[in-house]
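Peer 1: Got upload00.pdb for you, PDB, C-alpha atoms and all ligand atoms:
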ATOM      1  CA  MET F   1      51.723 143.368  89.627
ATOM      2  CA  ILE F   2      55.091 142.997  87.904
ATOM      3  CA  VAL F   3      57.872 145.320  89.092
ATOM      4  CA  THR F   4      61.080 145.916  87.155
ATOM      5  CA  VAL F   5      64.076 147.434  88.922
ATOM      6  CA  THR F   6      66.655 149.260  86.815
ATOM      7  CA  LEU F   7      69.063 151.024  89.151
ATOM      8  CA  ASN F   8      71.133 152.366  86.244
ATOM      9  CA  PRO F   9      68.846 153.142  83.291
ATOM     10  CA  ALA F  10      70.194 154.668  80.093
ATOM     11  CA  ILE F  11      69.406 156.261  76.811
ATOM     12  CA  ASP F  12      70.550 153.717  74.249
ATOM     13  CA  GLU F  13      71.938 154.959  70.958
ATOM     14  CA  GLU F  14      72.294 152.119  68.517
ATOM     15  CA  TYR F  15      73.906 152.393  65.080
ATOM     16  CA  VAL F  16      73.965 149.621  62.491
ATOM     17  CA  VAL F  17      76.916 150.112  60.131
ATOM     18  CA  PRO F  18      78.451 148.063  57.310
ATOM     19  CA  ASP F  19      81.933 146.575  57.850
ATOM     20  CA  PHE F  20      82.590 148.096  61.240
ATOM     21  CA  ALA F  21      86.249 148.218  62.327
ATOM     22  CA  PRO F  22      88.024 150.365  64.924
ATOM     23  CA  GLY F  23      89.548 153.531  63.492
ATOM     24  CA  GLY F  24      87.136 153.857  60.562
ATOM     25  CA  TRP F  25      84.484 156.460  59.769
ATOM     26  CA  PHE F  26      81.028 155.022  59.154
ATOM     27  CA  ARG F  27      77.605 156.066  57.995
ATOM     28  CA  ALA F  28      74.825 154.271  59.832
ATOM     29  CA  THR F  29      72.303 152.414  57.696
ATOM     30  CA  LYS F  30      69.891 152.123  60.640
ATOM     31  CA  ILE F  31      69.678 153.916  63.966
ATOM     32  CA  ASP F  32      67.592 153.659  67.102
ATOM     33  CA  ARG F  33      67.494 155.987  70.111
ATOM     34  CA  SER F  34      65.431 154.670  72.983
ATOM     35  CA  PRO F  35      65.037 154.505  76.755
ATOM     36  CA  GLY F  36      67.028 151.576  78.060
ATOM     37  CA  GLY F  37      68.599 149.647  80.870
ATOM     38  CA  LYS F  38      67.757 145.977  81.240
ATOM     39  CA  GLY F  39      64.705 146.286  83.506
ATOM     40  CA  VAL F  40      63.308 149.157  81.431
ATOM     41  CA  ASN F  41      63.643 147.032  78.305
ATOM     42  CA  VAL F  42      61.835 144.161  80.007
ATOM     43  CA  SER F  43      58.993 146.518  80.984
ATOM     44  CA  LEU F  44      58.746 147.688  77.369
ATOM     45  CA  VAL F  45      58.576 144.153  76.003
ATOM     46  CA  LEU F  46      56.051 143.117  78.654
ATOM     47  CA  LYS F  47      53.849 145.984  77.485
ATOM     48  CA  GLN F  48      54.164 144.785  73.875
ATOM     49  CA  LEU F  49      53.120 141.326  75.081
ATOM     50  CA  GLY F  50      50.073 142.704  76.889
ATOM     51  CA  TYR F  51      51.364 143.044  80.474
ATOM     52  CA  ASP F  52      51.597 146.173  82.599
ATOM     53  CA  SER F  53      54.508 146.590  84.979
ATOM     54  CA  ALA F  54      55.860 149.270  87.280
ATOM     55  CA  ALA F  55      59.391 150.344  86.330
ATOM     56  CA  MET F  56      61.547 151.673  89.156
ATOM     57  CA  GLY F  57      65.131 152.698  89.904
ATOM     58  CA  PHE F  58      66.955 156.046  89.582
ATOM     59  CA  LEU F  59      66.690 158.744  86.923
ATOM     60  CA  ALA F  60      68.592 162.019  86.694
ATOM     61  CA  GLY F  61      68.806 165.175  84.589
ATOM     62  CA  PHE F  62      67.522 165.748  81.056
ATOM     63  CA  ASN F  63      68.211 162.176  80.039
ATOM     64  CA  GLY F  64      66.216 160.966  83.011
ATOM     65  CA  GLU F  65      63.281 163.145  81.968
ATOM     66  CA  TYR F  66      63.496 161.754  78.445
ATOM     67  CA  VAL F  67      63.426 158.175  79.777
ATOM     68  CA  ARG F  68      60.518 158.863  82.134
ATOM     69  CA  ASP F  69      58.477 160.770  79.509
ATOM     70  CA  SER F  70      59.086 158.128  76.840
ATOM     71  CA  LEU F  71      57.947 155.368  79.171
ATOM     72  CA  LYS F  72      54.872 157.321  80.229
ATOM     73  CA  ARG F  73      53.977 158.018  76.601
ATOM     74  CA  LEU F  74      54.101 154.279  75.966
ATOM     75  CA  GLY F  75      51.687 153.736  78.842
ATOM     76  CA  LEU F  76      54.132 152.302  81.386
ATOM     77  CA  THR F  77      53.824 152.925  85.109
ATOM     78  CA  THR F  78      56.983 154.605  86.402
ATOM     79  CA  ASN F  79      58.187 154.843  89.983
ATOM     80  CA  PHE F  80      61.710 156.240  89.728
ATOM     81  CA  VAL F  81      63.617 158.241  92.321
ATOM     82  CA  HIS F  82      64.945 161.434  90.698
ATOM     83  CA  THR F  83      68.492 162.289  91.673
ATOM     84  CA  ARG F  84      71.174 164.837  90.830
ATOM     85  CA  GLY F  85      73.477 164.300  87.871
ATOM     86  CA  GLU F  86      72.571 162.788  84.528
ATOM     87  CA  THR F  87      71.198 159.397  83.524
ATOM     88  CA  ARG F  88      73.816 157.791  81.288
ATOM     89  CA  THR F  89      73.887 157.476  77.519
ATOM     90  CA  ASN F  90      75.160 154.166  76.151
ATOM     91  CA  VAL F  91      76.306 153.887  72.556
ATOM     92  CA  TYR F  92      76.263 150.651  70.558
ATOM     93  CA  VAL F  93      77.559 149.961  67.074
ATOM     94  CA  VAL F  94      76.281 146.805  65.427
ATOM     95  CA  ASP F  95      78.038 145.384  62.366
ATOM     96  CA  GLU F  96      75.483 144.899  59.613
ATOM     97  CA  VAL F  97      76.848 141.535  58.474
ATOM     98  CA  SER F  98      78.336 139.789  61.509
ATOM     99  CA  HIS F  99      75.846 141.379  64.010
ATOM    100  CA  VAL F 100      78.794 141.776  66.376
ATOM    101  CA  GLU F 101      78.028 144.520  68.877
ATOM    102  CA  THR F 102      80.546 147.099  70.138
ATOM    103  CA  GLY F 103      79.405 149.227  73.032
ATOM    104  CA  VAL F 104      80.476 152.085  75.268
ATOM    105  CA  ALA F 105      78.578 152.539  78.520
ATOM    106  CA  GLU F 106      78.777 155.474  80.902
ATOM    107  CA  ALA F 107      78.966 154.882  84.664
ATOM    108  CA  GLY F 108      75.727 156.695  85.520
ATOM    109  CA  PRO F 109      74.970 159.356  88.157
ATOM    110  CA  TYR F 110      76.234 159.145  91.746
ATOM    111  CA  ILE F 111      73.495 157.839  94.046
ATOM    112  CA  THR F 112      73.518 159.332  97.525
ATOM    113  CA  GLU F 113      72.476 157.463 100.664
ATOM    114  CA  GLU F 114      69.433 159.697 100.865
ATOM    115  CA  ALA F 115      68.321 158.733  97.317
ATOM    116  CA  LEU F 116      68.968 155.068  98.063
ATOM    117  CA  GLY F 117      66.817 155.375 101.190
ATOM    118  CA  ARG F 118      63.965 156.847  99.132
ATOM    119  CA  PHE F 119      64.273 153.999  96.635
ATOM    120  CA  LEU F 120      64.120 151.388  99.425
ATOM    121  CA  ILE F 121      60.954 152.940 100.845
ATOM    122  CA  ASN F 122      59.315 152.800  97.386
ATOM    123  CA  TYR F 123      60.573 149.268  96.814
ATOM    124  CA  LYS F 124      59.167 147.916 100.085
ATOM    125  CA  ARG F 125      55.846 149.623  99.353
ATOM    126  CA  LEU F 126      55.592 148.118  95.854
ATOM    127  CA  LEU F 127      56.623 144.667  97.115
ATOM    128  CA  LYS F 128      53.362 144.479  99.042
ATOM    129  CA  ARG F 129      51.450 144.467  95.734
ATOM    130  CA  ALA F 130      53.965 142.599  93.580
ATOM    131  CA  ASP F 131      53.675 139.079  92.142
ATOM    132  CA  CYS F 132      57.164 139.175  90.682
ATOM    133  CA  VAL F 133      60.147 141.526  90.559
ATOM    134  CA  LEU F 134      62.849 141.639  87.912
ATOM    135  CA  PHE F 135      66.255 143.206  88.595
ATOM    136  CA  GLY F 136      68.281 144.201  85.560
ATOM    137  CA  GLY F 137      71.714 145.580  84.897
ATOM    138  CA  SER F 138      74.693 147.276  86.442
ATOM    139  CA  LEU F 139      74.789 149.555  89.475
ATOM    140  CA  PRO F 140      75.482 153.284  89.353
ATOM    141  CA  PRO F 141      78.245 154.702  91.589
ATOM    142  CA  GLY F 142      77.264 154.955  95.256
ATOM    143  CA  VAL F 143      75.013 151.882  95.252
ATOM    144  CA  PRO F 144      76.474 149.021  97.343
ATOM    145  CA  GLN F 145      77.721 146.134  95.202
ATOM    146  CA  ASP F 146      75.664 143.646  97.211
ATOM    147  CA  ILE F 147      72.328 145.467  96.924
ATOM    148  CA  TYR F 148      70.714 142.768  94.791
ATOM    149  CA  ARG F 149      71.143 140.270  97.640
ATOM    150  CA  GLU F 150      69.245 142.547 100.034
ATOM    151  CA  LEU F 151      66.497 143.311  97.498
ATOM    152  CA  ILE F 152      66.037 139.644  96.573
ATOM    153  CA  VAL F 153      65.906 138.534 100.212
ATOM    154  CA  LEU F 154      63.247 141.190 100.938
ATOM    155  CA  ALA F 155      61.209 139.973  97.953
ATOM    156  CA  ARG F 156      61.594 136.324  98.916
ATOM    157  CA  GLU F 157      60.459 137.058 102.466
ATOM    158  CA  ALA F 158      57.390 138.762 100.996
ATOM    159  CA  GLY F 159      56.662 135.662  98.892
ATOM    160  CA  VAL F 160      57.451 137.467  95.618
ATOM    161  CA  VAL F 161      59.051 135.610  92.668
ATOM    162  CA  THR F 162      62.346 137.200  91.567
ATOM    163  CA  PHE F 163      64.229 137.413  88.269
ATOM    164  CA  ILE F 164      67.738 138.790  87.888
ATOM    165  CA  ASP F 165      69.828 139.649  84.832
ATOM    166  CA  ALA F 166      73.127 141.188  85.841
ATOM    167  CA  ALA F 167      76.864 140.570  85.652
ATOM    168  CA  GLY F 168      79.986 140.505  87.799
ATOM    169  CA  ALA F 169      79.963 141.170  91.534
ATOM    170  CA  PRO F 170      76.349 142.485  91.700
ATOM    171  CA  LEU F 171      75.133 139.238  90.076
ATOM    172  CA  MET F 172      77.203 137.061  92.420
ATOM    173  CA  ALA F 173      75.747 138.911  95.436
ATOM    174  CA  GLY F 174      72.266 138.625  93.919
ATOM    175  CA  LEU F 175      72.673 134.857  93.538
ATOM    176  CA  GLU F 176      73.369 134.620  97.272
ATOM    177  CA  GLY F 177      69.862 136.009  97.814
ATOM    178  CA  ILE F 178      68.550 132.969  95.848
ATOM    179  CA  PRO F 179      66.469 134.470  93.045
ATOM    180  CA  SER F 180      63.836 132.284  91.394
ATOM    181  CA  PHE F 181      65.134 132.950  87.833
ATOM    182  CA  ALA F 182      68.647 134.116  86.918
ATOM    183  CA  LYS F 183      70.264 135.070  83.632
ATOM    184  CA  VAL F 184      73.840 134.292  84.507
ATOM    185  CA  ASP F 185      77.151 135.608  83.376
ATOM    186  CA  HIS F 186      78.694 132.131  83.275
ATOM    187  CA  ARG F 187      82.042 133.463  81.983
ATOM    188  CA  PHE F 188      82.476 135.518  85.156
ATOM    189  CA  MET F 189      81.207 132.624  87.291
ATOM    190  CA  SER F 190      83.693 130.240  85.698
ATOM    191  CA  ARG F 191      86.563 132.614  86.502
ATOM    192  CA  VAL F 192      85.390 132.831  90.113
ATOM    193  CA  ALA F 193      85.085 129.019  90.283
ATOM    194  CA  GLY F 194      88.425 128.510  88.499
ATOM    195  CA  VAL F 195      86.790 126.355  85.786
ATOM    196  CA  ARG F 196      88.006 126.748  82.184
ATOM    197  CA  LEU F 197      85.069 127.340  79.884
ATOM    198  CA  ASN F 198      85.895 125.364  76.784
ATOM    199  CA  SER F 199      82.883 123.119  76.336
ATOM    200  CA  LEU F 200      79.187 122.788  76.988
ATOM    201  CA  ASP F 201      80.036 120.345  79.798
ATOM    202  CA  ASN F 202      82.063 123.021  81.584
ATOM    203  CA  LEU F 203      79.222 125.501  81.221
ATOM    204  CA  ILE F 204      76.833 122.945  82.712
ATOM    205  CA  GLU F 205      79.278 122.280  85.554
ATOM    206  CA  VAL F 206      79.578 125.993  86.367
ATOM    207  CA  VAL F 207      75.857 126.756  86.314
ATOM    208  CA  SER F 208      74.405 123.524  87.738
ATOM    209  CA  GLY F 209      75.504 124.403  91.276
ATOM    210  CA  LEU F 210      72.907 127.160  91.327
ATOM    211  CA  HIS F 211      70.089 124.613  91.383
ATOM    212  CA  GLU F 212      71.482 123.014  94.498
ATOM    213  CA  ARG F 213      71.441 126.458  96.115
ATOM    214  CA  GLY F 214      67.749 126.926  95.321
ATOM    215  CA  VAL F 215      67.730 128.977  92.099
ATOM    216  CA  LEU F 216      64.862 127.422  90.105
ATOM    217  CA  TRP F 217      65.801 128.542  86.594
ATOM    218  CA  ALA F 218      69.162 129.725  85.276
ATOM    219  CA  VAL F 219      69.848 130.800  81.702
ATOM    220  CA  ALA F 220      73.321 131.101  80.199
ATOM    221  CA  ASN F 221      74.263 132.404  76.750
ATOM    222  CA  TYR F 222      75.853 129.603  74.778
ATOM    223  CA  ARG F 223      76.021 130.679  71.137
ATOM    224  CA  THR F 224      75.062 133.876  69.309
ATOM    225  CA  CYS F 225      71.462 132.717  68.929
ATOM    226  CA  GLY F 226      71.382 129.973  71.539
ATOM    227  CA  ASP F 227      71.057 129.658  75.302
ATOM    228  CA  VAL F 228      71.252 126.847  77.818
ATOM    229  CA  PHE F 229      68.332 126.683  80.267
ATOM    230  CA  PHE F 230      68.695 125.014  83.670
ATOM    231  CA  THR F 231      65.115 124.323  84.723
ATOM    232  CA  PRO F 232      63.285 122.336  87.409
ATOM    233  CA  GLU F 233      62.692 119.678  84.714
ATOM    234  CA  GLY F 234      66.201 119.350  83.314
ATOM    235  CA  ILE F 235      68.732 121.161  81.158
ATOM    236  CA  PHE F 236      67.701 122.348  77.686
ATOM    237  CA  LEU F 237      69.451 123.978  74.740
ATOM    238  CA  GLY F 238      67.332 126.459  72.813
ATOM    239  CA  GLU F 239      68.277 128.160  69.539
ATOM    240  CA  PHE F 240      66.849 130.288  66.764
ATOM    241  CA  GLY F 241      68.019 130.962  63.215
ATOM    242  CA  ARG F 242      70.309 133.784  62.118
ATOM    243  CA  LYS F 243      68.387 134.516  58.922
ATOM    244  CA  GLY F 244      66.833 137.984  58.859
ATOM    245  CA  ILE F 245      68.595 139.189  61.974
ATOM    246  CA  VAL F 246      69.309 142.929  62.051
ATOM    247  CA  SER F 247      70.553 143.441  65.625
ATOM    248  CA  LEU F 248      70.610 141.223  68.698
ATOM    249  CA  PHE F 249      70.822 144.277  70.951
ATOM    250  CA  GLY F 250      68.130 143.924  73.644
ATOM    251  CA  SER F 251      67.387 140.280  72.796
ATOM    252  CA  ASP F 252      68.426 139.051  76.242
ATOM    253  CA  ASP F 253      65.942 141.471  77.801
ATOM    254  CA  ALA F 254      63.194 140.266  75.468
ATOM    255  CA  LEU F 255      64.103 136.720  76.539
ATOM    256  CA  MET F 256      63.697 137.649  80.211
ATOM    257  CA  ALA F 257      60.316 139.257  79.447
ATOM    258  CA  GLY F 258      59.314 136.034  77.673
ATOM    259  CA  LEU F 259      60.312 133.928  80.677
ATOM    260  CA  THR F 260      58.303 136.242  82.931
ATOM    261  CA  VAL F 261      55.229 135.744  80.741
ATOM    262  CA  GLY F 262      55.883 131.980  80.684
ATOM    263  CA  HIS F 263      55.895 132.007  84.468
ATOM    264  CA  LEU F 264      52.761 134.185  84.794
ATOM    265  CA  GLU F 265      50.831 132.087  82.278
ATOM    266  CA  ARG F 266      52.026 128.830  83.868
ATOM    267  CA  MET F 267      53.440 127.561  80.589
ATOM    268  CA  THR F 268      55.229 124.220  80.582
ATOM    269  CA  VAL F 269      59.018 124.399  80.831
ATOM    270  CA  GLU F 270      59.463 123.711  77.126
ATOM    271  CA  ALA F 271      56.758 126.184  76.110
ATOM    272  CA  SER F 272      58.366 128.880  78.296
ATOM    273  CA  ILE F 273      61.750 128.324  76.694
ATOM    274  CA  ARG F 274      60.222 128.419  73.232
ATOM    275  CA  PHE F 275      58.258 131.587  74.004
ATOM    276  CA  ALA F 276      61.264 133.360  75.576
ATOM    277  CA  LEU F 277      63.490 132.548  72.599
ATOM    278  CA  ALA F 278      60.791 133.650  70.152
ATOM    279  CA  CYS F 279      60.728 137.012  71.991
ATOM    280  CA  ALA F 280      64.532 137.266  71.717
ATOM    281  CA  TRP F 281      64.365 136.370  68.026
ATOM    282  CA  GLU F 282      61.568 138.835  67.239
ATOM    283  CA  ASN F 283      63.596 141.555  68.979
ATOM    284  CA  ALA F 284      66.515 140.768  66.687
ATOM    285  CA  LEU F 285      64.567 141.110  63.430
ATOM    286  CA  HIS F 286      64.577 144.947  63.458
ATOM    287  CA  VAL F 287      66.818 147.691  64.767
ATOM    288  CA  GLU F 288      64.251 148.960  67.296
ATOM    289  CA  LYS F 289      64.477 147.150  70.617
ATOM    290  CA  GLY F 290      61.497 145.078  71.687
ATOM    291  CA  CYS F 291      58.873 142.950  69.959
ATOM    292  CA  ARG F 292      56.425 144.274  67.394
ATOM    293  CA  SER F 293      53.502 142.351  68.865
ATOM    294  CA  ARG F 294      52.603 139.146  70.635
ATOM    295  CA  LYS F 295      51.366 137.795  67.298
ATOM    296  CA  ALA F 296      54.792 138.448  65.743
ATOM    297  CA  VAL F 297      56.354 136.442  68.599
ATOM    298  CA  GLU F 298      53.843 133.620  68.276
ATOM    299  CA  ASP F 299      54.505 133.349  64.544
ATOM    300  CA  LEU F 300      58.082 132.317  65.385
ATOM    301  CA  LEU F 301      57.293 129.732  68.063
ATOM    302  CA  GLU F 302      57.295 126.697  65.800
ATOM    303  CA  LYS F 303      60.662 127.602  64.297
ATOM    304  CA  VAL F 304      62.495 127.801  67.640
ATOM    305  CA  HIS F 305      64.651 124.728  68.240
ATOM    306  CA  VAL F 306      64.528 123.291  71.771
ATOM    307  CA  GLU F 307      66.302 120.095  72.816
ATOM    308  CA  ARG F 308      66.808 118.423  76.161
ATOM    309  CA  LEU F 309      70.455 117.940  77.129
ATOM    310  CA  GLU F 310      70.042 116.245  80.507
TER     311      GLU F 310
HETATM  312  O1  LIG F 401      75.429 148.433  81.855
HETATM  313  P1  LIG F 401      74.329 147.433  82.100
HETATM  314  O2  LIG F 401      73.310 147.985  83.056
HETATM  315  O3  LIG F 401      74.797 146.081  82.467
HETATM  316  O4  LIG F 401      73.586 147.228  80.707
HETATM  317  C1  LIG F 401      72.945 148.322  80.140
HETATM  318  C2  LIG F 401      72.422 147.973  78.786
HETATM  319  O5  LIG F 401      73.446 147.639  77.872
HETATM  320  O6  LIG F 401      71.581 146.838  78.859
HETATM  321  C3  LIG F 401      70.544 146.938  77.909
HETATM  322  C4  LIG F 401      70.673 145.843  76.900
HETATM  323  O7  LIG F 401      70.557 144.604  77.520
HETATM  324  C5  LIG F 401      70.649 148.336  77.315
HETATM  325  O8  LIG F 401      69.383 148.915  77.235
HETATM  326  C6  LIG F 401      71.536 149.087  78.253
HETATM  327  O9  LIG F 401      72.246 150.152  77.673
END
Rewrite the structure of this file - the entire thing - as structure tokens.

Peer 2:
Amino acid sequence: MIVTVTLNPAIDEEYVVPDFAPGGWFRATKIDRSPGGKGVNVSLVLKQLGYDSAAMGFLAGFNGEYVRDSLKRLGLTTNFVHTRGETRTNVYVVDEVSHVETGVAEAGPYITEEALGRFLINYKRLLKRADCVLFGGSLPPGVPQDIYRELIVLAREAGVVTFIDAAGAPLMAGLEGIPSFAKVDHRFMSRVAGVRLNSLDNLIEVVSGLHERGVLWAVANYRTCGDVFFTPEGIFLGEFGRKGIVSLFGSDDALMAGLTVGHLERMTVEASIRFALACAWENALHVEKGCRSRKAVEDLLEKVHVERLE
């Protein structure tokens, strides 16, 4: 079983507008309103690729009900703890031409110790049946900043493969737990390490240390449509074209879902990278988050560019 953990889910409201600039008044040419949060998005893409997963974390209020009902309607298994307050709404404006994304995220509901305790009981129970667990996104108020370390250590001790996509202090704590796969916020890591990020070499320097600490795969954003992959078989640059792109919102989550599938299907390193990037690319070809189908992803595989750097 695949488990996705989204401690701070959201309703995502995404607007594509022409010539976005602060202070203007815009009419959206495309909109999408959908359940979100990084782990939730990964669960949705996994479903589109033919894999069931159990989505867990915290939900609250009307927004929480909307997220839970939407996921159930799509056939996902949900295992959320319901708390007081309101699940957040995050708003994103994507410029139609440059694809630059501007976002405003709410903090999310306050999570009490009691709710956290209920989550931990559920988590430990699901771990017994899990093959892999993916942790995605920021933490709502009340959740300890180092929770990802504890959750990853518990998974590792249970022999479960872990994936993390987070940022800032929660990511740094998560990395101490030694996840198997990590989508890293290398800009934050470079600030912590005091390394100026002005070239690919610097990026490699900042991220490479993770391998020595036991992280098997690390992925860092490099360009708008390109990522650097630190794998057990070397460092690779992978890219896809900008033609036809509508919105890159959610593409990183599609990429993580693709890597999860690559792992489950024992793809070669290069095939995993190619598949993950094809998922990210397919996600970007329409305003709705996610991939239209596995076939749509596979149609892009040949056009993904992958090259070995080291
Ligand atoms: O605030 P976080 O948890 O870091 O990110 C939340 C979020 O931006 O991530 C997803 C896109 O990757 C969206 O569904 C969601 O709104």

Peer 1: List all protein, DNA and RNA residues that have at least one atom no more than 7 Å from any atom of ligand LIG 401 (chain F), counting all atoms listed in the file, and write them as a CSV table (one decimal) with C-alpha atoms, keeping the file's coordinate frame.

Peer 2:
chain,number,residue,atom,x,y,z
F,8,ASN,CA,71.1,152.4,86.2
F,9,PRO,CA,68.8,153.1,83.3
F,10,ALA,CA,70.2,154.7,80.1
F,11,ILE,CA,69.4,156.3,76.8
F,12,ASP,CA,70.6,153.7,74.2
F,36,GLY,CA,67.0,151.6,78.1
F,37,GLY,CA,68.6,149.6,80.9
F,38,LYS,CA,67.8,146.0,81.2
F,41,ASN,CA,63.6,147.0,78.3
F,90,ASN,CA,75.2,154.2,76.2
F,105,ALA,CA,78.6,152.5,78.5
F,136,GLY,CA,68.3,144.2,85.6
F,137,GLY,CA,71.7,145.6,84.9
F,138,SER,CA,74.7,147.3,86.4
F,139,LEU,CA,74.8,149.6,89.5
F,166,ALA,CA,73.1,141.2,85.8
F,167,ALA,CA,76.9,140.6,85.7
F,249,PHE,CA,70.8,144.3,71.0
F,250,GLY,CA,68.1,143.9,73.6
F,252,ASP,CA,68.4,139.1,76.2
F,253,ASP,CA,65.9,141.5,77.8

Peer 1: Excluding F:Thr260 and residues on its chain fewer than 3 positions from it, collect all residues at most 10 Å away from it, counting all atoms listed in the file, and give them as a list in words.

Peer 2: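 So the residues in contact are Ile2, Val42, Leu46, Cys132, Val133, Leu134, Val161, Thr162, Phe163, Phe181, Ala254, Leu255, Met256, Ala257, His263, Leu264, Glu265, Arg266, Ser272 and Ala276 of chain F.
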
Peer 1: Measuring between only C-alpha atoms, which one of F:Leu74, F:Ala280, F:Ala55, F:Val93 shows the shortest distance to F:Phe135?

Peer 2: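 Of F:Leu74, F:Ala280, F:Ala55, F:Val93, the one nearest F:Phe135, counting only C-alpha atoms, is F:Ala55.
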
Peer 1: Write out as number ranges by chain each polymer residue whose atoms come within 10 Å of F:Leu248, counting all atoms listed in the file; drop sequence neighbours fewer than 2 positions from it.

Peer 2: F: 94, 99-101, 224-225, 242, 245-246, 250-252, 280-287, 289

Peer 1: Smallest atom-to-atom distance to F:Arg223: which of F:Gly159, F:Gly209, F:Gly258, F:Gly241, using all atoms listed in the file?

Peer 2: F:Gly241

Peer 1: Written as a PyMOL selection string, what is the full residue list that the PyMOL selection byres (((chain F and resi 207) around 12) and not hetatm) yields on the file shown?

Peer 2: chain F and resi 175+182-190+192-193+195+197+200-206+208-213+215-222+228-231+235

Peer 1: Assuming the chain letters and numbering stay as they are in my file, what does the PyMOL selection byres (((chain F and resi 307) around 8) and not hetatm) actually select? List them as number ranges by chain.

Peer 2: F: 236-238, 305-306, 308-309

Peer 1: Given the file shown, enumerate the residues that the PyMOL selection byres (((chain F and resi 88) around 12) and not hetatm) captures and present them as a ChimeraX atom specification.

Peer 2: /F:7-13,35-37,58-67,85-87,89-91,104-110,138-141

Peer 1: One number please: atom CA of F:Arg73 to atom CA of F:Ser53, in Å, one decimal.

Peer 2: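 Atom-to-atom, atom CA of F:Arg73 and atom CA of F:Ser53 are spaced 14.2 Å apart.
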
Peer 1: For F:Val16, which residue among F:Thr4, F:Gly50, F:Glu96, F:Asp165 is the nearest when counting all atoms listed in the file?

Peer 2: F:Glu96

Peer 1: Enter the distance from atom CA of F:Asp69 to atom CA of F:Thr102, in Å, rounded to one decimal.

Peer 2: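 The value is 27.6 Å.
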
Peer 1: Which residue gives the smallest distance to F:Tyr123 among F:Asp32, F:Tyr92, F:Gly23, F:Val3, with only C-alpha atoms counted?

Peer 2: F:Val3

Peer 1: What's the separation between atom CA of F:Gly262 and atom CA of F:Leu44, in Å to one decimal place?

Peer 2: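 If I compute the distance from atom CA of F:Gly262 to atom CA of F:Leu44, I get 16.3 Å.
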
Peer 1: Write out as AutoDock Vina command-line options an axis-aligned box for stretch 34-38 of chain F: all of its atoms listed in the file, 5 Å added on each side, centre and edge lengths in Å with one decimal.

Peer 2:
--center_x 66.8 --center_y 150.3 --center_z 77.1 --size_x 13.6 --size_y 18.7 --size_z 18.3

Peer 1: Find the residue from F:Leu171, F:Ile178, F:Ala28, F:Ala271 that sits nearest to F:Ile147; use only C-alpha atoms when measuring.

Peer 2: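 Looking at the shortest contact to F:Ile147, the residue is F:Leu171.
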
Peer 1: Determine the nearest neighbour of F:Glu114 from the options F:Ile152, F:Leu300, F:Val143, F:Leu277, counting only C-alpha atoms.

Peer 2: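 That would be F:Val143, the residue with the smallest distance to F:Glu114.
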
Peer 1: How would stretch 275-283 of chain F read, as an mmCIF file, in the frame of the given file, once N, CA, C and O atoms are built in?

Peer 2:
data_model
loop_
_atom_site.group_PDB
_atom_site.id
_atom_site.type_symbol
_atom_site.label_atom_id
_atom_site.label_comp_id
_atom_site.auth_asym_id
_atom_site.auth_seq_id
_atom_site.Cartn_x
_atom_site.Cartn_y
_atom_site.Cartn_z
ATOM 1 N N PHE F 275 58.846 130.242 74.043
ATOM 2 C CA PHE F 275 58.258 131.587 74.004
ATOM 3 C C PHE F 275 59.347 132.643 74.248
ATOM 4 O O PHE F 275 59.416 133.666 73.550
ATOM 5 N N ALA F 276 60.208 132.385 75.240
ATOM 6 C CA ALA F 276 61.264 133.360 75.576
ATOM 7 C C ALA F 276 62.212 133.546 74.388
ATOM 8 O O ALA F 276 62.597 134.674 74.042
ATOM 9 N N LEU F 277 62.568 132.442 73.742
ATOM 10 C CA LEU F 277 63.490 132.548 72.599
ATOM 11 C C LEU F 277 62.807 133.218 71.404
ATOM 12 O O LEU F 277 63.458 133.945 70.645
ATOM 13 N N ALA F 278 61.511 132.984 71.247
ATOM 14 C CA ALA F 278 60.791 133.650 70.152
ATOM 15 C C ALA F 278 60.774 135.160 70.394
ATOM 16 O O ALA F 278 60.899 135.956 69.458
ATOM 17 N N CYS F 279 60.670 135.570 71.669
ATOM 18 C CA CYS F 279 60.728 137.012 71.991
ATOM 19 C C CYS F 279 62.112 137.562 71.628
ATOM 20 O O CYS F 279 62.230 138.637 71.029
ATOM 21 N N ALA F 280 63.161 136.821 72.016
ATOM 22 C CA ALA F 280 64.532 137.266 71.717
ATOM 23 C C ALA F 280 64.738 137.375 70.206
ATOM 24 O O ALA F 280 65.351 138.327 69.701
ATOM 25 N N TRP F 281 64.208 136.418 69.490
ATOM 26 C CA TRP F 281 64.365 136.370 68.026
ATOM 27 C C TRP F 281 63.617 137.540 67.375
ATOM 28 O O TRP F 281 64.151 138.257 66.528
ATOM 29 N N GLU F 282 62.365 137.736 67.810
ATOM 30 C CA GLU F 282 61.568 138.835 67.239
ATOM 31 C C GLU F 282 62.273 140.159 67.468
ATOM 32 O O GLU F 282 62.327 141.024 66.594
ATOM 33 N N ASN F 283 62.860 140.320 68.672
ATOM 34 C CA ASN F 283 63.596 141.555 68.979
ATOM 35 C C ASN F 283 64.733 141.784 67.987
ATOM 36 O O ASN F 283 65.066 142.922 67.656
#
